[in-house]
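For reference, the structure is listed below as C-alpha cells.
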Amino acid sequence: MAENFTDWLRQRSEPVWTEVVTHPFTRALFDGVVPTGLMRSYLVQDYQFIDDFLALLGAALAKADRYSSRLAIAASITTVTSTENTYFQRAFDALGVPEAEREHPQLDQATVAFQELMRDTSSRGSYPEVLTVLTVAEWSYLEWAVRAPATLPENFVPAEWITLHSTPDFRAWVQWLRDELHRVGSELDERDQARCLRLFQQATRCELDFFNAHWR
C-alpha cells in the first residue's frame with residue numbers, strides 16, 4: 001500500500017470523521033461556553049472509558065509484535081493513570097460531582113456502545129485491530145484539539161481538557177500510533193484491511209454519537 005494506511009482509513013470514514021473533529025461541542029469548549037451541566041455529564045461519561053481504555057492498551061501491549069512497540073504502549077499507560085486521571089478528579093471537584101456519580105453513574109447509550117466496542121476489540125481483536133480503535137480515539141481528539149485558538153478559556157476545566165489533547169507528548173503519541181498502524185496494517189491482506197476499516201468507521205461513529213449525546 002503506497003499511501004499511509006491511516007489516511008486510507010480516515011478518508012473512507014468521511015464525512016463522519018470531519019463531523020467529529022469539527023463538532024459544535026468542541027467549538028464551544030474553545031470559547032468556554034459549554035453549559036456546566038453538559039460539561040459535567042460529558043466528563044462523567046468520558047471517565048467511564050478509562051478502565052476499558054486501559055484494558056485496550058493492555059491488549060495492545062500483549063499483542064504487539066516487538067519490544068519497542070511494547071515500550072511505547074507502556075509509556076502511554078502511565079500517562080492515562082497519572083496526568084489524565086488527576087485532571088478528572090480536579091474537574092469533578094470543581095464541578096461538584098459526588099463520588100458515587102464519578103464511579104457509578106447511569107450510562108448513556110453512546111457510552112455503552114463505545115465500551116462494548118473497546119471490550120470486544122480487547123478480547124478478540126488482532127494487534128492491528130486494537131491499534132485501529134486506539135488510533136481513532138486518540139487521533140480524533142488531537143484533530144479537534146489542535147483547532148483551538150491561542151487564547152483558551154480562563155476556566156481550567158475546558159482549557160486543560162483541550163491542552164491535554166494537544167501537547168507535544170500527545171502529538172508524538174498519536175504520530176506513533178499512526179506510524180505503527182501503518183506498519184502493521186499496510187502488510188495485511190484485503191480481508192483484514194477491510195476489518196480494520198469497519199472498526200475505524202465504527203469507532204468514529206461512536207465518537208460522533210458521544211459528542212452528540214452531550215450537545216443540544
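By order of appearance in the C-alpha cells: chains A, B, ..., then residues from 1 within every chain, and ligands from 1 in the order shown.
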
Exercise for the section: With a distance cut-off of 8 Å and only C-alpha atoms, select the neighbouring residues of Leu57 of chain A, excluding the residue or stretch itself and same-chain residues fewer than 5 positions from it, and output the selection as a ChimeraX atom specification. Expected result: /A:73,77,134

Counting only C-alpha atoms, which residues of segment 23-90 of chain A fall within 10 Å of segment 169-179 of chain A, and what is the closest atom pair for each with its distance in Å at one decimal, ordered by chain and rising number, as JSON lines?
```
{"residue": "A:Ser69", "atom": "CA", "partner": "A:Trp176", "partner_atom": "CA", "distance": 9.3}
{"residue": "A:Ala72", "atom": "CA", "partner": "A:Trp173", "partner_atom": "CA", "distance": 8.1}
{"residue": "A:Ile73", "atom": "CA", "partner": "A:Trp173", "partner_atom": "CA", "distance": 8.9}
{"residue": "A:Ala75", "atom": "CA", "partner": "A:Trp173", "partner_atom": "CA", "distance": 9.4}
{"residue": "A:Ser76", "atom": "CA", "partner": "A:Trp173", "partner_atom": "CA", "distance": 7.6}
{"residue": "A:Thr79", "atom": "CA", "partner": "A:Phe170", "partner_atom": "CA", "distance": 9.6}
```

Handout entry: Close residues, Val80 of chain A itself excluded, 9 Å, only C-alpha atoms, min 6 positions apart in chain, as a ChimeraX atom specification
Key = /A:50,53-54

Problem - 8 Å contact set for segment 31-47 of chain A, only C-alpha atoms, chain neighbours under 2 positions out, as a list in words - result: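 Counting only the stated atoms, we get Phe25, Arg27, Ala28, Leu29, Phe49, Ile50, Phe88, Phe92, Leu95, Val97, Glu101, Arg102, Pro105, Leu107, Asp108, Thr111, Leu152, Pro153, Glu154, Asn155, Pro158, Ala159, His214 and Trp215 of chain A.
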